[in-house]
>>> print(open('final32.cif').read())   # mmCIF, C-alpha atoms
data_entry
loop_
_atom_site.label_atom_id
_atom_site.label_comp_id
_atom_site.auth_asym_id
_atom_site.auth_seq_id
_atom_site.Cartn_x
_atom_site.Cartn_y
_atom_site.Cartn_z
CA MET A 1 -12.06 -6.47 14.92
CA LYS A 2 -15.02 -4.43 16.20
CA ASN A 3 -17.40 -1.76 14.88
CA ILE A 4 -17.20 -2.76 11.22
CA SER A 5 -18.74 -0.32 8.74
CA GLU A 6 -18.95 -0.21 4.93
CA HIS A 7 -18.01 2.82 2.80
CA THR A 8 -17.87 3.49 -0.95
CA GLY A 9 -15.66 6.15 -2.51
CA THR A 10 -12.33 6.95 -4.14
CA LEU A 11 -9.28 5.42 -2.45
CA ASN A 12 -6.32 7.77 -1.82
CA LEU A 13 -2.87 7.18 -0.35
CA ILE A 14 -1.88 9.38 2.59
CA ARG A 15 1.52 7.76 3.16
CA ARG A 16 3.38 4.52 3.19
CA MET A 17 4.18 3.58 6.76
CA ARG A 18 7.20 1.68 8.03
CA ASN A 19 7.23 -2.03 7.23
CA SER A 20 6.03 -4.39 9.93
CA ARG A 21 8.68 -6.19 11.96
CA ASP A 22 8.22 -9.13 9.58
CA GLY A 23 9.02 -6.86 6.61
CA ASN A 24 5.52 -6.47 5.17
CA PRO A 25 4.30 -3.09 3.86
CA GLN A 26 1.68 -0.96 5.62
CA PHE A 27 -0.21 2.06 4.29
CA MET A 28 -2.23 4.95 5.72
CA LEU A 29 -5.20 5.51 3.37
CA TRP A 30 -8.23 7.73 2.94
CA VAL A 31 -11.50 6.95 1.15
CA ASP A 32 -13.29 10.04 -0.21
CA GLU A 33 -17.06 9.52 -0.18
CA GLY A 34 -17.63 12.86 -1.89
CA ASN A 35 -19.63 15.80 -0.50
CA GLY A 36 -16.80 16.61 1.92
CA THR A 37 -16.83 13.32 3.84
CA GLY A 38 -14.30 10.53 4.06
CA TRP A 39 -12.55 8.02 6.30
CA THR A 40 -8.89 7.59 7.23
CA PHE A 41 -7.59 4.11 8.07
CA ARG A 42 -4.55 1.85 7.83
CA THR A 43 -3.90 -1.57 6.34
CA PRO A 44 -3.53 -4.39 8.85
CA ALA A 45 -0.04 -5.51 9.83
CA ASN A 46 1.23 -8.59 7.98
CA SER A 47 -1.74 -8.70 5.61
CA MET A 48 -1.69 -9.71 1.93
CA ILE A 49 -4.01 -6.81 1.02
CA ALA A 50 -1.12 -4.36 1.52
CA TYR A 51 0.68 -5.91 -1.46
CA ASN A 52 -2.38 -5.31 -3.66
CA ILE A 53 -3.59 -1.94 -2.33
CA GLU A 54 -1.75 0.18 -4.89
CA SER A 55 -3.86 -1.31 -7.71
CA TYR A 56 -6.96 0.25 -6.07
CA LEU A 57 -5.56 3.78 -5.63
CA GLY A 58 -7.56 6.48 -7.43
CA LYS A 59 -10.41 4.07 -8.16
CA THR A 60 -13.91 3.76 -6.74
CA VAL A 61 -13.92 1.01 -4.12
CA THR A 62 -16.16 -0.41 -1.43
CA ILE A 63 -14.31 -1.01 1.82
CA THR A 64 -15.09 -2.29 5.26
CA ILE A 65 -13.29 -0.64 8.16
CA GLY A 66 -13.23 -1.79 11.76
CA THR A 67 -11.40 -0.84 14.92
CA HIS A 68 -8.48 -2.99 15.96
CA TYR A 69 -6.86 -2.01 19.27
CA GLY A 70 -8.47 1.43 18.94
CA CYS A 71 -7.16 2.09 15.42
CA ALA A 72 -9.31 2.31 12.25
CA THR A 73 -8.14 -0.65 10.17
CA LEU A 74 -9.07 -1.98 6.73
CA ASN A 75 -11.09 -5.19 6.97
CA GLY A 76 -11.90 -5.77 3.28
CA ILE A 77 -11.86 -4.10 -0.13
CA SER A 78 -13.58 -4.63 -3.47
CA LYS A 79 -14.25 -2.70 -6.65
CA GLY A 80 -16.88 0.00 -6.08
CA LYS A 81 -20.63 -0.53 -6.05
CA ASN A 82 -23.19 1.99 -7.19
CA LYS A 83 -24.93 3.65 -4.27
#
>>> encode(input="final32.cif", output="structure tokens")
Amino acid sequence: MKNISEHTGTLNLIRRMRNSRDGNPQFMLWVDEGNGTGWTFRTPANSMIAYNIESYLGKTVTITIGTHYGCATLNGISKGKNK
């Protein structure tokens, strides 16, 4: 994964995507950093974080996003930090 950046904001679900070919869930998400800015990204294919992602929805989180084959992809997630 390349171009990793860190963002803090409220995590929102855009849509649940089709399961991977191995049957694991994938999600398209958006983190709202406030003041009209935010980032759209997806969960990685066949990743355990997709099973846990719904527990973070609507909460303040700190995420790292990188590009994987040209697509913004979640690299890591934790409960939010104060800026």
>>> closest_residue(input="final32.cif", among="A:Gly70, A:Gly76, A:Gly9, A:Gly34", to="Asn52 of chain A", atoms="all atoms listed in the file")
A:Gly76
>>> atom_distance(input="final32.cif", atom1="atom CA of Pro44 of chain A", atom2="atom CA of Gln26 of chain A")
7.0 Å
>>> closest_residue(input="final32.cif", among="A:Ser55, A:Thr40, A:Thr67, A:Ser47", to="His7 of chain A", atoms="only C-alpha atoms")
A:Thr40
>>> closest_residue(input="final32.cif", among="A:Asn46, A:Val61, A:Gly66, A:Leu29", to="Ser78 of chain A", atoms="all atoms listed in the file")
A:Val61
>>> atom_distance(input="final32.cif", atom1="atom CA of Ile63 of chain A", atom2="atom CA of Asn75 of chain A")
7.4 Å
>>> closest_residue(input="final32.cif", among="A:Thr8, A:Thr37, A:Gly23, A:Met1", to="Lys79 of chain A", atoms="all atoms listed in the file")
A:Thr8
>>> resolve_selection(input="final32.cif", expression="the PyMOL selection byres ((chain A and resi 31) around 12)", output="ChimeraX atom specification")
/A:6-14,28-30,32-34,36-42,56-65,74,77,80
>>> atom_distance(input="final32.cif", atom1="atom CA of Met48 of chain A", atom2="atom CA of Ser5 of chain A")
20.6 Å
>>> axis_aligned_box(input="final32.cif", around="segment 1-6 of chain A", padding_each_side="6 Å", output="JSON")
{"center_x": -15.5, "center_y": -3.3, "center_z": 10.6, "size_x": 18.9, "size_y": 18.3, "size_z": 23.3}
>>> closest_residue(input="final32.cif", among="A:Asn3, A:Asn19, A:Asn35, A:Asn24", to="Ile49 of chain A", atoms="all atoms listed in the file")
A:Asn24
>>> residues_around(input="final32.cif", residues="Phe27 of chain A", least_positions_apart="6", cutoff="6 Å", atoms="all atoms listed in the file", output="MDAnalysis selection string")
chainID A and resid 16:17 42:43
>>> build_atoms(input="final32.cif", residues="segment 13-30 of chain A", atoms="N, CA and C atoms", output="PDB file, in the coordinates of the input")
ATOM      1  N   LEU A  13      -4.003   7.493  -1.222  1.00  0.00           N
ATOM      2  CA  LEU A  13      -2.870   7.180  -0.350  1.00  0.00           C
ATOM      3  C   LEU A  13      -2.486   8.422   0.444  1.00  0.00           C
ATOM      4  N   ILE A  14      -2.399   8.302   1.760  1.00  0.00           N
ATOM      5  CA  ILE A  14      -1.880   9.380   2.590  1.00  0.00           C
ATOM      6  C   ILE A  14      -0.366   9.216   2.696  1.00  0.00           C
ATOM      7  N   ARG A  15       0.079   8.029   3.104  1.00  0.00           N
ATOM      8  CA  ARG A  15       1.520   7.760   3.160  1.00  0.00           C
ATOM      9  C   ARG A  15       1.762   6.272   3.327  1.00  0.00           C
ATOM     10  N   ARG A  16       2.949   5.877   2.913  1.00  0.00           N
ATOM     11  CA  ARG A  16       3.380   4.520   3.190  1.00  0.00           C
ATOM     12  C   ARG A  16       4.044   4.543   4.559  1.00  0.00           C
ATOM     13  N   MET A  17       3.638   3.642   5.408  1.00  0.00           N
ATOM     14  CA  MET A  17       4.180   3.580   6.760  1.00  0.00           C
ATOM     15  C   MET A  17       5.401   2.655   6.768  1.00  0.00           C
ATOM     16  N   ARG A  18       6.066   2.590   7.901  1.00  0.00           N
ATOM     17  CA  ARG A  18       7.200   1.680   8.030  1.00  0.00           C
ATOM     18  C   ARG A  18       6.709   0.240   7.865  1.00  0.00           C
ATOM     19  N   ASN A  19       7.570  -0.615   7.350  1.00  0.00           N
ATOM     20  CA  ASN A  19       7.230  -2.030   7.230  1.00  0.00           C
ATOM     21  C   ASN A  19       7.011  -2.619   8.617  1.00  0.00           C
ATOM     22  N   SER A  20       6.211  -3.684   8.660  1.00  0.00           N
ATOM     23  CA  SER A  20       6.030  -4.390   9.930  1.00  0.00           C
ATOM     24  C   SER A  20       7.352  -5.049  10.323  1.00  0.00           C
ATOM     25  N   ARG A  21       7.424  -5.565  11.526  1.00  0.00           N
ATOM     26  CA  ARG A  21       8.680  -6.190  11.960  1.00  0.00           C
ATOM     27  C   ARG A  21       9.000  -7.436  11.143  1.00  0.00           C
ATOM     28  N   ASP A  22       7.993  -7.984  10.465  1.00  0.00           N
ATOM     29  CA  ASP A  22       8.220  -9.130   9.580  1.00  0.00           C
ATOM     30  C   ASP A  22       8.548  -8.700   8.160  1.00  0.00           C
ATOM     31  N   GLY A  23       8.622  -7.377   7.910  1.00  0.00           N
ATOM     32  CA  GLY A  23       9.020  -6.860   6.610  1.00  0.00           C
ATOM     33  C   GLY A  23       7.911  -6.606   5.622  1.00  0.00           C
ATOM     34  N   ASN A  24       6.656  -6.675   6.069  1.00  0.00           N
ATOM     35  CA  ASN A  24       5.520  -6.470   5.170  1.00  0.00           C
ATOM     36  C   ASN A  24       5.099  -4.998   5.150  1.00  0.00           C
ATOM     37  N   PRO A  25       4.657  -4.507   3.971  1.00  0.00           N
ATOM     38  CA  PRO A  25       4.300  -3.090   3.860  1.00  0.00           C
ATOM     39  C   PRO A  25       3.006  -2.752   4.595  1.00  0.00           C
ATOM     40  N   GLN A  26       2.901  -1.486   5.018  1.00  0.00           N
ATOM     41  CA  GLN A  26       1.680  -0.960   5.620  1.00  0.00           C
ATOM     42  C   GLN A  26       1.431   0.426   5.034  1.00  0.00           C
ATOM     43  N   PHE A  27       0.158   0.787   4.885  1.00  0.00           N
ATOM     44  CA  PHE A  27      -0.210   2.060   4.290  1.00  0.00           C
ATOM     45  C   PHE A  27      -1.248   2.773   5.141  1.00  0.00           C
ATOM     46  N   MET A  28      -1.185   4.113   5.146  1.00  0.00           N
ATOM     47  CA  MET A  28      -2.230   4.950   5.720  1.00  0.00           C
ATOM     48  C   MET A  28      -3.028   5.446   4.514  1.00  0.00           C
ATOM     49  N   LEU A  29      -4.341   5.214   4.518  1.00  0.00           N
ATOM     50  CA  LEU A  29      -5.200   5.510   3.370  1.00  0.00           C
ATOM     51  C   LEU A  29      -6.380   6.371   3.758  1.00  0.00           C
ATOM     52  N   TRP A  30      -7.040   6.912   2.746  1.00  0.00           N
ATOM     53  CA  TRP A  30      -8.230   7.730   2.940  1.00  0.00           C
ATOM     54  C   TRP A  30      -9.206   7.401   1.826  1.00  0.00           C
TER      55      TRP A  30
END
